[in-house]
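Novice: protein-v1.tsv (TSV, C-alpha atoms) pasted underneath:
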```
chain	number	residue	atom	x	y	z
A	27	MET	CA	-77.26	148.74	64.00
A	28	GLU	CA	-74.57	150.64	62.11
A	29	SER	CA	-73.36	152.49	65.16
A	30	ILE	CA	-73.10	149.22	67.11
A	31	LEU	CA	-70.78	147.75	64.48
A	32	LEU	CA	-68.64	150.87	64.44
A	33	ARG	CA	-68.45	150.87	68.26
A	34	LEU	CA	-67.33	147.22	68.15
A	35	PHE	CA	-64.53	148.19	65.78
A	36	ASP	CA	-63.54	150.99	68.18
A	37	LEU	CA	-63.59	148.65	71.19
A	38	TYR	CA	-61.45	146.10	69.35
A	39	GLN	CA	-58.93	148.78	68.42
A	40	PHE	CA	-58.75	149.87	72.08
A	41	ALA	CA	-58.29	146.23	73.11
A	42	ILE	CA	-55.36	145.89	70.70
A	43	ILE	CA	-53.80	149.13	71.93
A	44	GLY	CA	-54.24	148.05	75.54
A	45	TYR	CA	-52.67	144.69	74.79
A	46	ILE	CA	-49.72	146.39	73.08
A	47	LEU	CA	-49.21	148.72	76.03
A	48	MET	CA	-49.30	145.78	78.44
A	49	SER	CA	-46.11	144.47	76.83
A	50	TRP	CA	-44.26	147.43	78.34
A	51	PHE	CA	-44.96	146.25	81.89
A	52	PRO	CA	-43.45	142.98	83.15
A	53	GLY	CA	-46.07	140.40	84.02
A	54	ALA	CA	-49.02	142.48	82.84
A	55	ARG	CA	-49.97	140.01	80.13
A	56	GLN	CA	-50.04	137.21	82.69
A	57	SER	CA	-52.74	138.99	84.70
A	58	SER	CA	-56.39	138.04	84.24
A	59	ILE	CA	-57.01	141.16	82.13
A	60	GLY	CA	-53.91	140.43	80.05
A	61	ARG	CA	-55.00	136.84	79.43
A	62	PHE	CA	-58.50	138.00	78.50
A	63	LEU	CA	-57.19	140.62	76.05
A	64	GLY	CA	-54.76	138.07	74.65
A	65	SER	CA	-57.56	135.60	74.01
A	66	ILE	CA	-59.48	138.12	71.90
A	67	VAL	CA	-56.55	139.96	70.27
A	68	GLU	CA	-53.96	137.26	69.54
A	69	PRO	CA	-56.06	135.41	66.89
A	70	TYR	CA	-56.15	138.65	64.88
A	71	LEU	CA	-52.50	139.64	65.48
A	72	GLU	CA	-50.95	136.21	64.88
A	73	PRO	CA	-51.24	136.20	61.04
A	74	PHE	CA	-49.58	139.62	60.92
A	75	ARG	CA	-46.74	138.37	63.15
A	76	ARG	CA	-46.15	135.44	60.81
A	77	ILE	CA	-45.86	137.77	57.80
A	78	ILE	CA	-43.99	140.74	59.33
A	79	PRO	CA	-40.81	139.90	61.26
A	80	PRO	CA	-39.71	142.10	64.17
A	81	ILE	CA	-37.26	144.86	63.36
A	82	GLY	CA	-34.69	144.58	66.12
A	83	MET	CA	-36.65	144.96	69.36
A	84	LEU	CA	-39.68	146.49	67.62
A	85	ASP	CA	-42.67	144.41	66.60
A	86	ILE	CA	-44.49	146.56	64.04
A	87	SER	CA	-46.97	143.83	63.13
A	88	ALA	CA	-49.48	145.18	65.67
A	89	LEU	CA	-49.28	148.63	64.09
A	90	VAL	CA	-49.92	147.13	60.67
A	91	ALA	CA	-52.84	145.16	62.14
A	92	LEU	CA	-54.32	148.39	63.55
A	93	PHE	CA	-53.84	150.07	60.18
A	94	VAL	CA	-55.68	147.22	58.41
A	95	LEU	CA	-58.47	147.32	60.99
A	96	SER	CA	-58.81	151.06	60.42
A	97	PHE	CA	-59.15	150.48	56.68
A	98	ALA	CA	-61.79	147.82	57.32
A	99	ARG	CA	-63.71	150.25	59.52
A	100	ARG	CA	-63.58	152.91	56.80
A	101	GLY	CA	-64.79	150.36	54.28
A	102	LEU	CA	-67.69	149.48	56.57
A	103	ILE	CA	-68.58	153.17	56.90
A	104	TYR	CA	-68.55	153.49	53.12
A	105	ILE	CA	-70.78	150.46	52.68
A	106	LEU	CA	-73.22	151.52	55.39
A	107	TYR	CA	-73.58	155.19	54.59
A	108	VAL	CA	-72.67	155.69	50.93
A	109	LEU	CA	-74.08	152.64	49.18
```
Show me the file's structure as structure tokens.

Specialist:
Amino acid sequence: MESILLRLFDLYQFAIIGYILMSWFPGARQSSIGRFLGSIVEPYLEPFRRIIPPIGMLDISALVALFVLSFARRGLIYILYVL
């Protein structure tokens, strides 16, 4: 059970990274894969975008979201294996 939860965290992180990379290619987010990734990633990224404004052309909110997700994963590991 623990490894399934950790794999889900990993898959979600890869989905976020894939969604971020899609922004580099015109029209990629309008594809069926882009819309699917957007439907699962945008609800998580949207609160970060409201709090952290873009710096020029750079939107660092997704990086902060990945950082927070990484901390949550580490917290889950601590809870599952240490406590």

Novice: Which of these residues is nearest to Ile86 in chain A, using all atoms listed in the file: A:Ile105, A:Ala54, A:Ala41, A:Ile46?

Specialist: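 Closest to Ile86 in chain A, using all atoms listed in the file: A:Ile46.
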
Novice: Interatomic distance between CA of Phe35 in chain A and CA of Pro52 in chain A?

Specialist: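 Answer for the CA of Phe35 in chain A to CA of Pro52 in chain A separation: 27.8 Å.
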
Novice: Within 12 Å of Leu84 in chain A, counting all atoms listed in the file, which residues qualify if same-chain residues fewer than 4 places away don't, as a list in words?

Specialist: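 Counting all atoms listed in the file, the residues come to Ile46, Ser49, Trp50, Arg75, Ile78, Pro79, Pro80, Ala88 and Leu89 of chain A.
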
Novice: Counting only C-alpha atoms, which residue out of A:Leu71, A:Arg33, A:Glu28, A:Leu106 sits closest to Tyr45 in chain A?

Specialist: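 So, comparing all the options, the nearest one is A:Leu71.
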
Novice: A:Val108, A:Leu37, A:Pro69, A:Arg55: which is nearest Ala91 in chain A, counting all atoms listed in the file?

Specialist: A:Pro69

Novice: May I ask for the distance between CA of Arg100 in chain A and CA of Ile59 in chain A, given in Å to one decimal place?

Specialist: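 These atoms are spaced 28.7 Å apart.
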
Novice: Name the closest residue to Asp36 in chain A among the candidates A:Leu109, A:Leu95, A:Gly101, A:Val90; distances are taken between atoms, counting all atoms listed in the file.

Specialist: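 For Asp36 in chain A, the nearest of the given residues is A:Leu95.
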
Novice: Work out how far CA of Ala98 in chain A is from CA of Ser58 in chain A, in Å to one decimal.

Specialist: 29.1 Å

Novice: Could you check which of A:Phe51, A:Ser96, A:Arg61, A:Val67 is closest to Leu32 in chain A, using only C-alpha atoms?

Specialist: A:Ser96

Novice: For Gln39 in chain A, which of A:Arg99, A:Glu72, A:Gly60, A:Ile77 is the closest residue, counting all atoms listed in the file?

Specialist: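 With all atoms listed in the file as the atom set, the closest residue is A:Arg99.
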